[in-house]
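> Data: model-v4.cif, mmCIF, C-alpha atoms.
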```
data_final
#
loop_
_atom_site.label_atom_id
_atom_site.label_comp_id
_atom_site.auth_asym_id
_atom_site.auth_seq_id
_atom_site.Cartn_x
_atom_site.Cartn_y
_atom_site.Cartn_z
CA MET A 1 -60.62 63.09 91.75
CA ARG A 2 -63.69 65.16 90.80
CA SER A 3 -67.16 63.76 90.67
CA ILE A 4 -69.68 64.54 87.96
CA THR A 5 -73.37 64.27 88.80
CA ILE A 6 -76.06 64.10 86.14
CA GLY A 7 -79.64 63.35 87.14
CA GLU A 8 -79.50 60.58 89.73
CA SER A 9 -76.05 59.29 88.72
CA THR A 10 -72.61 60.31 89.91
CA PHE A 11 -69.35 59.37 88.20
CA SER A 12 -65.72 59.89 89.10
CA CYS A 13 -63.80 61.88 86.54
CA GLN A 14 -60.42 60.16 86.08
CA PRO A 15 -57.30 62.31 85.88
CA ASP A 16 -56.94 63.67 82.32
CA GLU A 17 -60.50 62.69 81.50
CA THR A 18 -62.99 65.23 80.16
CA VAL A 19 -66.57 65.48 81.39
CA LEU A 20 -67.68 64.05 78.03
CA GLU A 21 -65.39 61.04 78.38
CA THR A 22 -66.55 60.42 81.94
CA LEU A 23 -70.22 60.53 80.98
CA LEU A 24 -69.81 58.38 77.88
CA ARG A 25 -67.89 55.83 79.97
CA GLY A 26 -70.91 55.82 82.29
CA ASN A 27 -73.21 55.14 79.32
CA ILE A 28 -74.84 58.56 79.47
CA GLN A 29 -75.94 59.63 75.99
CA VAL A 30 -74.29 62.96 75.26
CA PRO A 31 -74.33 64.22 71.67
CA ASN A 32 -70.80 64.99 70.49
CA GLY A 33 -68.82 65.66 67.33
CA CYS A 34 -65.39 67.20 66.94
CA ARG A 35 -64.22 66.63 70.53
CA GLN A 36 -62.06 69.75 70.21
CA GLY A 37 -64.42 72.37 71.60
CA LEU A 38 -65.42 73.60 68.17
CA CYS A 39 -68.67 72.10 66.89
CA GLN A 40 -70.60 72.71 70.14
CA ALA A 41 -72.56 69.46 69.80
CA CYS A 42 -71.72 68.49 73.40
CA LEU A 43 -73.07 71.69 74.95
CA MET A 44 -74.00 71.14 78.60
CA ARG A 45 -74.77 73.25 81.62
CA SER A 46 -73.27 73.25 85.08
CA LEU A 47 -76.00 73.54 87.68
CA ASP A 48 -73.78 74.37 90.66
CA ASN A 49 -70.18 75.48 90.15
CA SER A 50 -68.86 77.68 87.36
CA PRO A 51 -67.23 75.55 84.66
CA PRO A 52 -63.59 76.19 83.73
CA VAL A 53 -63.33 79.23 81.45
CA SER A 54 -61.37 77.13 78.94
CA ALA A 55 -64.45 74.96 78.43
CA GLN A 56 -66.54 78.00 77.46
CA VAL A 57 -64.40 79.38 74.62
CA GLY A 58 -66.48 80.28 71.57
CA LEU A 59 -69.87 80.09 73.33
CA LYS A 60 -72.30 82.98 73.14
CA ASP A 61 -71.70 85.33 76.06
CA THR A 62 -75.21 84.81 77.43
CA LEU A 63 -74.62 81.04 77.51
CA GLN A 64 -71.27 81.51 79.26
CA LYS A 65 -73.01 83.63 81.87
CA GLN A 66 -75.50 80.81 82.48
CA ASN A 67 -72.66 78.31 83.09
CA TYR A 68 -72.98 76.45 79.80
CA PHE A 69 -69.80 74.68 78.70
CA LEU A 70 -68.46 72.20 76.17
CA ALA A 71 -68.13 68.78 77.79
CA CYS A 72 -65.44 67.58 75.36
CA VAL A 73 -62.89 70.14 76.53
CA CYS A 74 -63.96 70.37 80.16
CA HIS A 75 -61.41 69.11 82.67
CA PRO A 76 -63.31 69.80 85.90
CA GLU A 77 -61.57 71.90 88.53
CA GLN A 78 -64.15 70.98 91.16
CA ASP A 79 -67.12 68.62 91.53
CA MET A 80 -69.87 69.45 89.06
CA THR A 81 -73.58 68.78 88.74
CA VAL A 82 -74.42 68.96 85.05
CA ALA A 83 -77.40 68.74 82.70
CA LEU A 84 -78.01 68.55 78.98
CA PRO A 85 -79.42 71.77 77.47
CA ASN A 86 -83.05 70.62 77.33
CA GLN A 87 -83.08 68.70 80.57
CA GLN A 88 -85.70 70.28 82.78
CA CYS A 89 -84.86 70.71 86.41
CA ALA A 90 -86.44 72.79 89.11
CA SER A 91 -89.88 74.34 89.05
CA ILE A 92 -91.68 76.60 91.49
CA GLU A 93 -95.21 77.76 92.22
CA ALA A 94 -96.47 81.25 91.45
CA ALA A 95 -99.79 83.03 91.97
CA VAL A 96 -101.62 85.28 89.52
CA ILE A 97 -101.74 88.79 90.99
CA LYS A 98 -102.83 90.75 87.90
CA LYS A 99 -104.53 90.08 84.60
CA GLN A 100 -105.27 92.93 82.22
CA LEU A 101 -106.02 93.31 78.52
CA LEU A 102 -103.37 95.29 76.65
CA THR A 103 -105.17 94.98 73.30
CA PRO A 104 -108.16 92.82 72.36
CA ASP A 105 -105.60 90.11 71.43
CA ILE A 106 -102.95 90.42 74.11
CA VAL A 107 -103.28 90.04 77.87
CA GLN A 108 -100.77 91.08 80.50
CA LEU A 109 -100.34 88.47 83.21
CA VAL A 110 -98.37 89.17 86.39
CA LEU A 111 -97.35 86.32 88.69
CA GLU A 112 -95.85 86.48 92.16
CA TYR A 113 -93.47 83.79 93.43
CA GLN A 114 -92.20 83.01 96.93
CA SER A 115 -89.26 80.65 96.37
CA PRO A 116 -85.88 82.00 95.19
CA PHE A 117 -85.92 82.42 91.40
CA ASN A 118 -83.18 83.72 89.09
CA PHE A 119 -83.72 85.06 85.60
CA PHE A 120 -82.65 87.56 83.00
CA ALA A 121 -85.28 89.78 81.39
CA GLY A 122 -85.96 88.33 77.96
CA GLN A 123 -85.60 84.69 78.99
CA PHE A 124 -88.66 82.46 78.93
CA VAL A 125 -90.26 79.99 81.31
CA ASN A 126 -92.69 77.14 80.83
CA LEU A 127 -96.03 77.94 82.44
CA LYS A 128 -97.90 74.82 83.54
CA ARG A 129 -101.54 74.79 84.56
CA PRO A 130 -102.86 72.26 87.11
CA ASP A 131 -103.78 69.59 84.49
CA GLY A 132 -100.25 69.66 83.08
CA LEU A 133 -100.79 71.64 79.85
CA THR A 134 -97.61 73.67 79.39
CA ARG A 135 -96.56 76.58 77.17
CA SER A 136 -93.47 78.79 76.98
CA TYR A 137 -93.76 82.54 77.53
CA SER A 138 -91.14 85.28 77.69
CA ILE A 139 -90.50 87.32 80.80
CA ALA A 140 -91.15 91.01 80.17
CA ASN A 141 -89.76 92.53 83.38
CA ILE A 142 -86.35 92.81 84.98
CA PRO A 143 -85.59 91.18 88.34
CA LEU A 144 -86.89 93.55 91.01
CA ALA A 145 -87.09 93.57 94.76
CA LYS A 146 -90.68 92.41 94.34
CA ASN A 147 -90.86 88.74 93.36
CA ILE A 148 -92.90 89.17 90.22
CA LEU A 149 -92.88 87.96 86.63
CA GLU A 150 -94.73 89.74 83.85
CA PHE A 151 -95.92 88.03 80.65
CA HIS A 152 -97.71 89.27 77.53
CA ILE A 153 -99.86 86.45 76.23
CA ARG A 154 -101.38 86.60 72.79
CA ARG A 155 -104.68 84.85 72.25
CA LEU A 156 -104.23 82.38 69.41
CA PRO A 157 -107.12 80.97 67.41
CA ASN A 158 -107.75 77.54 68.97
CA GLY A 159 -104.90 78.17 71.41
CA GLN A 160 -105.67 75.85 74.30
CA PHE A 161 -103.48 77.57 76.83
CA SER A 162 -103.94 81.16 75.72
CA SER A 163 -107.75 80.80 75.54
CA TRP A 164 -107.74 79.34 79.03
CA VAL A 165 -105.66 82.29 80.30
CA TYR A 166 -108.15 84.66 78.66
CA ASP A 167 -111.39 83.04 79.65
CA GLU A 168 -110.80 81.15 82.87
CA LEU A 169 -107.61 82.02 84.71
CA GLU A 170 -108.38 84.24 87.68
CA VAL A 171 -106.36 86.41 90.00
CA GLY A 172 -105.26 84.25 92.95
CA ALA A 173 -104.88 81.05 90.89
CA GLN A 174 -101.63 79.06 91.08
CA LEU A 175 -99.39 78.11 88.15
CA THR A 176 -96.18 76.08 88.05
CA ILE A 177 -93.22 77.80 86.39
CA SER A 178 -90.02 76.17 85.16
CA GLU A 179 -86.62 77.72 85.65
CA ALA A 180 -85.83 80.54 83.20
CA GLN A 181 -84.34 79.45 79.89
CA GLY A 182 -83.00 80.96 76.70
CA SER A 183 -79.99 83.01 75.67
CA CYS A 184 -81.79 86.07 74.29
CA HIS A 185 -81.06 88.63 76.98
CA TYR A 186 -78.91 91.66 77.75
CA LEU A 187 -75.47 91.48 79.29
CA PRO A 188 -73.56 94.51 80.55
CA GLY A 189 -70.21 95.41 79.03
CA ARG A 190 -69.79 97.16 75.68
CA ALA A 191 -72.18 99.83 76.94
CA GLU A 192 -71.58 102.10 73.95
CA GLN A 193 -72.59 99.47 71.39
CA PRO A 194 -75.65 100.38 69.29
CA LEU A 195 -78.58 98.01 69.86
CA MET A 196 -81.28 97.09 67.37
CA LEU A 197 -84.38 95.30 68.62
CA VAL A 198 -87.10 94.02 66.31
CA GLY A 199 -90.27 92.36 67.55
CA THR A 200 -93.65 91.41 66.18
CA GLY A 201 -96.80 91.21 68.29
CA SER A 202 -96.11 89.90 71.78
CA GLY A 203 -92.45 89.64 70.74
CA LEU A 204 -92.36 93.03 72.44
CA ALA A 205 -92.48 91.24 75.82
CA PRO A 206 -88.86 90.00 75.92
CA LEU A 207 -87.65 93.14 74.14
CA TYR A 208 -89.38 95.32 76.72
CA GLY A 209 -87.50 93.45 79.43
CA ILE A 210 -84.21 93.64 77.56
CA ILE A 211 -84.57 97.40 77.03
CA ALA A 212 -85.45 97.96 80.70
CA ASP A 213 -82.43 95.88 81.65
CA ALA A 214 -80.08 97.77 79.28
CA LEU A 215 -81.29 101.16 80.54
CA ALA A 216 -81.08 100.05 84.19
CA GLN A 217 -77.49 99.00 83.55
CA ASP A 218 -76.64 102.39 82.00
CA HIS A 219 -76.30 101.29 78.40
CA SER A 220 -75.03 104.47 76.75
CA GLY A 221 -75.16 103.53 73.04
CA PRO A 222 -78.27 104.14 70.93
CA ILE A 223 -81.12 101.65 71.45
CA HIS A 224 -83.48 101.31 68.49
CA LEU A 225 -86.75 99.43 68.97
CA PHE A 226 -88.94 98.48 66.01
CA HIS A 227 -92.26 96.95 67.03
CA GLY A 228 -94.47 95.63 64.26
CA SER A 229 -97.93 94.24 63.80
CA ARG A 230 -100.27 93.64 60.91
CA ASP A 231 -103.02 95.66 62.56
CA LEU A 232 -103.50 97.99 65.50
CA ASN A 233 -104.58 95.12 67.79
CA GLY A 234 -101.05 93.74 67.85
CA LEU A 235 -99.39 97.01 68.82
CA TYR A 236 -99.40 97.77 72.52
CA PHE A 237 -97.44 99.81 75.07
CA VAL A 238 -97.25 102.57 72.44
CA ASP A 239 -97.66 105.32 75.04
CA GLU A 240 -95.27 103.62 77.47
CA MET A 241 -92.62 103.30 74.76
CA ARG A 242 -93.04 106.93 73.70
CA GLU A 243 -92.69 108.05 77.30
CA LEU A 244 -89.54 105.97 77.62
CA ALA A 245 -88.14 107.61 74.46
CA GLU A 246 -88.83 111.04 76.00
CA LYS A 247 -87.09 110.07 79.20
CA PHE A 248 -83.98 108.48 77.65
CA ASP A 249 -82.20 110.34 74.85
CA ASN A 250 -80.56 107.16 73.56
CA PHE A 251 -83.81 105.17 73.24
CA HIS A 252 -85.66 105.36 69.92
CA TYR A 253 -89.01 103.78 69.21
CA THR A 254 -90.62 103.02 65.85
CA PRO A 255 -94.05 101.35 65.84
CA CYS A 256 -94.82 99.77 62.44
CA ILE A 257 -98.05 98.57 60.84
CA SER A 258 -97.72 96.15 57.93
CA GLY A 259 -101.40 95.73 56.96
CA GLU A 260 -102.74 97.64 53.94
CA GLY A 261 -105.08 100.59 54.25
CA ILE A 262 -104.92 101.04 58.02
CA GLU A 263 -105.22 104.64 59.16
CA SER A 264 -102.61 105.37 61.80
CA ASP A 265 -99.71 107.65 62.58
CA HIS A 266 -97.36 104.66 62.69
CA VAL A 267 -94.78 103.82 60.06
CA GLN A 268 -96.27 101.77 57.23
CA GLY A 269 -94.40 98.53 56.51
CA ARG A 270 -92.92 95.44 58.09
CA ALA A 271 -90.86 96.14 61.20
CA HIS A 272 -87.79 94.18 60.10
CA ASP A 273 -87.71 95.83 56.64
CA ILE A 274 -87.91 99.24 58.22
CA ALA A 275 -85.31 98.33 60.84
CA LEU A 276 -82.83 96.94 58.31
CA SER A 277 -83.18 99.87 55.94
CA SER A 278 -82.70 102.37 58.77
CA THR A 279 -78.93 101.87 58.86
CA GLU A 280 -76.16 101.46 56.29
CA THR A 281 -74.40 98.73 58.22
CA LEU A 282 -74.94 96.60 61.30
CA SER A 283 -71.24 96.00 61.77
CA GLY A 284 -70.53 96.39 65.47
CA TRP A 285 -74.23 96.32 66.45
CA ARG A 286 -75.96 94.03 68.89
CA VAL A 287 -79.26 92.72 67.47
CA PHE A 288 -82.26 91.22 69.28
CA LEU A 289 -85.09 89.56 67.31
CA CYS A 290 -88.26 88.20 68.89
CA GLY A 291 -91.62 87.00 67.63
CA HIS A 292 -92.81 85.35 64.42
CA PRO A 293 -90.37 82.52 63.52
CA GLU A 294 -90.18 83.44 59.84
CA MET A 295 -89.45 87.08 60.65
CA VAL A 296 -86.83 86.06 63.19
CA ASN A 297 -84.99 83.62 60.90
CA GLN A 298 -85.09 85.88 57.86
CA THR A 299 -83.97 88.91 59.79
CA LYS A 300 -81.21 86.99 61.52
CA LYS A 301 -79.74 86.12 58.15
CA MET A 302 -80.20 89.65 56.80
CA ALA A 303 -78.68 91.26 59.89
CA PHE A 304 -75.68 88.96 59.55
CA MET A 305 -75.32 89.77 55.85
CA LYS A 306 -75.50 93.44 56.77
CA GLY A 307 -72.44 93.12 58.97
CA ALA A 308 -73.61 92.04 62.42
CA SER A 309 -71.39 89.35 63.89
CA MET A 310 -73.24 86.08 64.55
CA SER A 311 -72.14 86.26 68.18
CA ASP A 312 -73.95 89.61 68.50
CA ILE A 313 -77.33 88.37 67.25
CA TYR A 314 -79.76 87.14 69.91
CA VAL A 315 -83.07 85.61 68.87
CA ASP A 316 -86.22 84.13 70.32
CA ALA A 317 -88.59 82.66 67.73
CA PHE A 318 -92.14 82.15 69.02
CA HIS A 319 -93.11 78.77 67.66
CA VAL A 320 -96.79 78.01 67.87
CA ILE A 321 -97.75 74.55 69.08
CA GLN A 322 -100.49 73.19 66.84
CA ALA A 323 -103.64 72.44 68.76
CA GLU A 324 -104.31 68.75 69.24
CA LYS A 325 -107.53 67.42 67.83
CA MET B 1 -54.28 63.41 61.98
CA SER B 2 -51.62 63.00 64.64
CA ASP B 3 -48.92 62.02 62.15
CA SER B 4 -49.06 65.42 60.44
CA GLN B 5 -49.70 67.45 63.56
CA GLU B 6 -46.27 68.95 64.01
CA THR B 7 -45.89 70.49 60.56
CA SER B 8 -49.57 71.44 60.25
CA GLN B 9 -49.73 73.19 63.61
CA THR B 10 -47.06 75.45 62.27
CA LEU B 11 -49.40 76.54 59.49
CA TYR B 12 -52.19 77.12 62.05
CA GLU B 13 -49.90 79.29 64.12
CA LYS B 14 -48.51 81.12 61.09
CA ILE B 15 -51.99 82.04 59.92
CA GLY B 16 -52.87 83.33 63.38
CA GLY B 17 -54.53 80.46 65.26
CA GLU B 18 -57.93 80.82 66.85
CA ALA B 19 -58.14 84.59 66.30
CA ALA B 20 -57.66 84.08 62.56
CA VAL B 21 -60.35 81.40 62.54
CA ASN B 22 -62.78 83.73 64.28
CA ALA B 23 -62.05 86.53 61.83
CA ALA B 24 -62.42 84.21 58.85
CA VAL B 25 -65.73 82.49 59.61
CA ASP B 26 -68.04 85.51 59.46
CA ILE B 27 -66.47 86.73 56.20
CA PHE B 28 -66.57 83.25 54.68
CA TYR B 29 -70.14 82.48 55.75
CA ARG B 30 -71.39 85.79 54.30
CA LYS B 31 -69.79 84.88 50.96
CA VAL B 32 -71.38 81.43 51.03
CA LEU B 33 -74.85 82.73 51.91
CA ALA B 34 -74.64 85.33 49.15
CA ASP B 35 -73.66 82.75 46.51
CA TYR B 36 -76.73 81.54 44.62
CA ARG B 37 -74.78 78.47 43.39
CA ILE B 38 -74.51 76.98 46.87
CA ASN B 39 -76.65 78.85 49.38
CA ARG B 40 -79.55 76.40 49.05
CA PHE B 41 -77.43 73.85 50.91
CA PHE B 42 -77.40 76.21 53.86
CA ASP B 43 -81.14 76.89 54.03
CA ASN B 44 -82.86 75.29 56.99
CA THR B 45 -79.69 75.10 59.02
CA ASP B 46 -79.23 76.69 62.40
CA MET B 47 -76.87 79.59 61.71
CA ASP B 48 -75.16 79.46 65.10
CA GLN B 49 -74.43 75.76 64.68
CA GLN B 50 -73.25 76.46 61.16
CA ILE B 51 -70.77 79.06 62.42
CA ALA B 52 -69.46 76.54 64.97
CA LYS B 53 -69.04 73.94 62.22
CA GLN B 54 -67.25 76.41 60.01
CA LYS B 55 -64.86 77.21 62.83
CA ALA B 56 -64.10 73.52 62.89
CA PHE B 57 -63.68 73.58 59.10
CA PHE B 58 -61.25 76.52 59.18
CA THR B 59 -59.31 75.03 62.06
CA MET B 60 -58.91 71.89 59.98
CA ALA B 61 -57.98 73.79 56.80
CA PHE B 62 -55.35 75.71 58.78
CA GLY B 63 -53.95 72.39 59.93
CA GLY B 64 -55.00 73.06 63.51
CA PRO B 65 -56.14 70.53 66.08
CA ASN B 66 -59.15 68.51 64.97
CA ASN B 67 -60.41 64.98 65.28
CA TYR B 68 -62.39 64.68 62.09
CA THR B 69 -62.02 61.46 60.19
CA GLY B 70 -62.87 60.89 56.56
CA GLN B 71 -65.93 58.97 57.74
CA ASP B 72 -67.09 61.96 59.81
CA MET B 73 -66.88 64.15 56.71
CA ARG B 74 -68.88 61.59 54.74
CA ASN B 75 -71.57 61.32 57.38
CA ALA B 76 -71.84 65.07 57.84
CA HIS B 77 -72.32 65.73 54.12
CA ALA B 78 -74.41 62.67 53.16
CA ARG B 79 -77.64 64.67 53.40
CA LEU B 80 -76.22 67.31 51.06
CA VAL B 81 -74.99 64.73 48.55
CA LYS B 82 -78.59 63.49 48.37
CA MET B 83 -79.61 67.09 47.64
CA GLY B 84 -77.24 67.11 44.67
CA LEU B 85 -73.95 68.31 46.15
CA ASN B 86 -71.26 67.87 43.50
CA ALA B 87 -67.76 68.97 42.46
CA SER B 88 -68.92 72.39 41.21
CA HIS B 89 -70.27 73.21 44.68
CA PHE B 90 -67.06 72.05 46.30
CA ASP B 91 -65.16 74.31 43.89
CA ALA B 92 -67.35 77.26 44.86
CA VAL B 93 -66.56 76.72 48.55
CA MET B 94 -62.85 76.48 47.74
CA GLU B 95 -63.15 79.78 45.88
CA HIS B 96 -64.68 81.47 48.94
CA LEU B 97 -62.04 79.97 51.22
CA GLY B 98 -59.30 81.50 49.07
CA ALA B 99 -61.08 84.86 48.75
CA THR B 100 -61.66 85.04 52.51
CA LEU B 101 -58.01 84.43 53.32
CA THR B 102 -56.92 86.91 50.64
CA GLU B 103 -59.22 89.48 52.25
CA LEU B 104 -57.52 88.83 55.57
CA ASN B 105 -54.11 89.40 53.97
CA VAL B 106 -52.91 85.85 54.53
CA PRO B 107 -49.77 85.31 52.39
CA ALA B 108 -50.35 83.36 49.16
CA ASP B 109 -48.13 80.42 50.09
CA LEU B 110 -50.07 79.85 53.32
CA ILE B 111 -53.39 80.13 51.44
CA ALA B 112 -52.11 77.44 49.07
CA GLN B 113 -51.28 75.17 52.02
CA ALA B 114 -54.71 75.68 53.60
CA ALA B 115 -56.40 75.08 50.25
CA ALA B 116 -54.48 71.84 49.83
CA ILE B 117 -55.70 70.57 53.21
CA ALA B 118 -59.31 71.50 52.38
CA GLU B 119 -58.92 69.92 48.94
CA SER B 120 -57.85 66.65 50.56
CA THR B 121 -61.40 66.22 51.96
CA ARG B 122 -63.04 66.46 48.51
CA ASN B 123 -63.83 62.78 47.99
CA ASP B 124 -65.14 62.30 51.51
CA VAL B 125 -67.31 65.41 51.35
CA LEU B 126 -68.76 64.38 47.99
CA GLY B 127 -69.22 60.78 49.11
CA LYS B 128 -67.01 59.38 46.32
#
```
Go ahead and render the structure in this file as structure tokens.

Amino acid sequence: MRSITIGESTFSCQPDETVLETLLRGNIQVPNGCRQGLCQACLMRSLDNSPPVSAQVGLKDTLQKQNYFLACVCHPEQDMTVALPNQQCASIEAAVIKKQLLTPDIVQLVLEYQSPFNFFAGQFVNLKRPDGLTRSYSIANIPLAKNILEFHIRRLPNGQFSSWVYDELEVGAQLTISEAQGSCHYLPGRAEQPLMLVGTGSGLAPLYGIIADALAQDHSGPIHLFHGSRDLNGLYFVDEMRELAEKFDNFHYTPCISGEGIESDHVQGRAHDIALSSTETLSGWRVFLCGHPEMVNQTKKMAFMKGASMSDIYVDAFHVIQAEK
Amino acid sequence: MSDSQETSQTLYEKIGGEAAVNAAVDIFYRKVLADYRINRFFDNTDMDQQIAKQKAFFTMAFGGPNNYTGQDMRNAHARLVKMGLNASHFDAVMEHLGATLTELNVPADLIAQAAAIAESTRNDVLGK
């Protein structure tokens, strides 16, 4: 008999019982619907062993890779420690080793950690300062031999956390970081697939990581990045991106400015409009969208209507937490 | 649903099982989102969740394994009924179901069987 552990509780999974049935019998609240592995309401994550492949059918590939599974069709093959999708688990300490302005509005923050930490470029973590105030930021670098995490933090008007990072956080200070979360990241396989990446403002951070990851894993298909901002203050890494485009024949970079009457040599218009009109069809493409929630949601729908399969669209919408009064 | 499982699973298999469901959902959902008569019911929904639900819908329409009860269908659509969901919207969805299966070259007699199963949920979906 297999045992299922969730939080502090452990239950025995009876023969023929699913993980969902075991947990519900133990009075653990697990959302569920069809109980046939279709509606995905009972999505959970295995924290130790890989779940049975049959319990991962139909999930996004990035979620499969992170050991997510559907509890209603999971007959455990070994003992499992599981969690609900938003259940926070481990956190570690990290020290600020670099802080540098990329534009007047965006700061690059580099943290160094000591404990083991796994992530995919493009995922996000919750950064927590000593008094407990917490915000989510995307990881902009790929896992390297050095234990570092890079973030691009945009200063928001009245942003409690971002203002603190700007004005007070110093090199050497300690922050607490959650484990990496999110399903917007690159996976190898289908190396010849064309990629489209659209980001606004600091939405470039996860995309930058995803592109570095794709190139490091020898992605051979064309990679098209569209980075947009209303004004020049939101566009950064322009030289770095141009250098990357020179170095890799399959990487193409289009910086876009949407504000009126701004003198620049960038393309005039909104990044997602320019991206979507750059190709006849997105059938067979892999699409990554990061940044402003409205842009992300609109473009997700448009990319789907233009032929991209829903399973090939990866998004990270940057929701702004309203400042408390 | 268990009483009709044997005959209905045959339809599911004839149409092509899970692979057919996967092929159908993207085509169907594009038609729905492009249809001004009904796309407002799909605003403000998570598209990934919507695709998962539509897989469940197609599996059911193909007579495949599902555990939905009439009450589940009522609960799931109650919010939409409040928004004004009525028979004309149900008809539009039926139209897209048929067109999707035609596009996938499903034989007409099997389309008719799938349509009949979907049709059987009408009163529950519309909260009648």
> Evaluate the PyMOL selection byres ((chain B and resi 70) around 9) against this structure - the residues, as a list in words, please.
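On this input, the PyMOL selection byres ((chain B and resi 70) around 9) captures Tyr68, Thr69, Gln71, Asp72, Met73, Arg74, Asn75, Thr121, Asn123, Asp124 and Val125 of chain B.
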> Can you work out which one of B:Leu104, B:Ala78, B:Ile117, B:Ala34 has the shortest atom-to-atom distance to chain A, counting all atoms listed in the file?
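So, comparing all the options, the nearest one is B:Ala34.
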> Could you list, as a PyMOL selection string, every residue within 12 Å of region 13-17 of chain B, counting only C-alpha atoms and ignoring same-chain residues fewer than 5 positions away?
chain B and resi 5-8+22-24+55+58-65+101-102+104-114
> Which one of A:Glu150, A:Gln298, A:Phe318, A:Val125 sits closest to chain B if you count only C-alpha atoms?
A:Gln298
> Please list, as a PyMOL selection string, the residues that have an atom at most 7 Å away from (-86.1, 81.2, 64.3) in the coordinates of this file, counting all atoms listed in the file.
chain A and resi 293-294+296-297+316-317
> Within 9 Å of Ile211 (chain A), counting all atoms listed in the file, which residues show up once you throw out same-chain ones fewer than 6 positions away? Write them as an MDAnalysis selection string, please.
chainID A and resid 121 186 197 223 225 251
> Write the selection just made, keeping C-alpha atoms, as a PDB file, keeping the file's coordinate frame?

```
ATOM      1  CA  ALA A 121     -85.280  89.780  81.390  1.00  0.00           C
ATOM      2  CA  TYR A 186     -78.910  91.660  77.750  1.00  0.00           C
ATOM      3  CA  LEU A 197     -84.380  95.300  68.620  1.00  0.00           C
ATOM      4  CA  ILE A 223     -81.120 101.650  71.450  1.00  0.00           C
ATOM      5  CA  LEU A 225     -86.750  99.430  68.970  1.00  0.00           C
ATOM      6  CA  PHE A 251     -83.810 105.170  73.240  1.00  0.00           C
TER       7      PHE A 251
END
```
> With 9 Å as the cut-off and all atoms listed in the file counted, what is the closest atom pair between each nearby residue of chain A and chain B? Distances in Å to one decimal, ordered by chain and number, as a tab-separated table.

```
residue	atom	partner	partner_atom	distance
A:Gly33	CA	B:Tyr68	CA	8.4
A:Cys34	CA	B:Asn67	CA	5.7
A:Arg35	CA	B:Asn67	CA	6.7
A:Gln36	CA	B:Asn66	CA	6.1
A:Gly37	CA	B:Ala56	CA	8.8
A:Leu38	CA	B:Ala56	CA	5.4
A:Cys39	CA	B:Ala52	CA	4.9
A:Gln40	CA	B:Ala52	CA	6.5
A:Ala41	CA	B:Gln49	CA	8.3
A:Gly58	CA	B:Ala52	CA	8.2
A:Lys300	CA	B:Met47	CA	8.6
A:Lys301	CA	B:Met47	CA	8.0
A:Phe304	CA	B:Arg30	CA	7.5
A:Met305	CA	B:Arg30	CA	5.8
A:Gly307	CA	B:Arg30	CA	8.8
A:Ser309	CA	B:Asp26	CA	6.8
A:Met310	CA	B:Asp48	CA	6.9
A:Ser311	CA	B:Asp48	CA	8.1
```
> What is the CA of Asn141 (chain A) to CA of Leu207 (chain A) distance in Å?
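Computing the Euclidean distance for CA of Asn141 (chain A) and CA of Leu207 (chain A) yields 9.5 Å.
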> One decimal, in Å: what's the spacing between CA of Ala55 (chain A) and CA of Ile6 (chain A)?
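Between CA of Ala55 (chain A) and CA of Ile6 (chain A) the gap is 17.7 Å.
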> Please enumerate the residues selected by the PyMOL selection byres ((chain A and resi 104) around 12) when evaluated against the supplied file, formatted as a list of chain:residue names.
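For this structure, the PyMOL selection byres ((chain A and resi 104) around 12) resolves to A:Gln100, A:Leu101, A:Leu102, A:Thr103, A:Asp105, A:Ile106, A:Val107, A:Gln108, A:Ile153, A:Arg154, A:Arg155, A:Leu156, A:Tyr166, A:Asp231, A:Leu232, A:Asn233, A:Gly234, A:Leu235, A:Tyr236.
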> Kindly save the residues from that selection, with C-alpha atoms included, as a PDB file, in the frame of the given file.

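Written out: result-v4.pdb:
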```
ATOM      1  CA  GLN A 100    -105.270  92.930  82.220  1.00  0.00           C
ATOM      2  CA  LEU A 101    -106.020  93.310  78.520  1.00  0.00           C
ATOM      3  CA  LEU A 102    -103.370  95.290  76.650  1.00  0.00           C
ATOM      4  CA  THR A 103    -105.170  94.980  73.300  1.00  0.00           C
ATOM      5  CA  ASP A 105    -105.600  90.110  71.430  1.00  0.00           C
ATOM      6  CA  ILE A 106    -102.950  90.420  74.110  1.00  0.00           C
ATOM      7  CA  VAL A 107    -103.280  90.040  77.870  1.00  0.00           C
ATOM      8  CA  GLN A 108    -100.770  91.080  80.500  1.00  0.00           C
ATOM      9  CA  ILE A 153     -99.860  86.450  76.230  1.00  0.00           C
ATOM     10  CA  ARG A 154    -101.380  86.600  72.790  1.00  0.00           C
ATOM     11  CA  ARG A 155    -104.680  84.850  72.250  1.00  0.00           C
ATOM     12  CA  LEU A 156    -104.230  82.380  69.410  1.00  0.00           C
ATOM     13  CA  TYR A 166    -108.150  84.660  78.660  1.00  0.00           C
ATOM     14  CA  ASP A 231    -103.020  95.660  62.560  1.00  0.00           C
ATOM     15  CA  LEU A 232    -103.500  97.990  65.500  1.00  0.00           C
ATOM     16  CA  ASN A 233    -104.580  95.120  67.790  1.00  0.00           C
ATOM     17  CA  GLY A 234    -101.050  93.740  67.850  1.00  0.00           C
ATOM     18  CA  LEU A 235     -99.390  97.010  68.820  1.00  0.00           C
ATOM     19  CA  TYR A 236     -99.400  97.770  72.520  1.00  0.00           C
TER      20      TYR A 236
END
```
> Tell me which residues come within 10 Å of (-71.8, 105.2, 69.1), as a PyMOL selection string, counting only C-alpha atoms in the file's coordinates.
chain A and resi 191-195+220-222+284-285
> For the structure provided, state which residues fall under the PyMOL selection byres ((chain B and resi 91) around 12), and present them as a list in words.
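With the shown file as input, the PyMOL selection byres ((chain B and resi 91) around 12) matches Val32, Arg37, Ile38, Leu85, Asn86, Ala87, Ser88, His89, Phe90, Ala92, Val93, Met94, Glu95, His96, Leu97, Gly98, Ala115, Ala118, Glu119, Arg122, Val125 and Leu126 of chain B.
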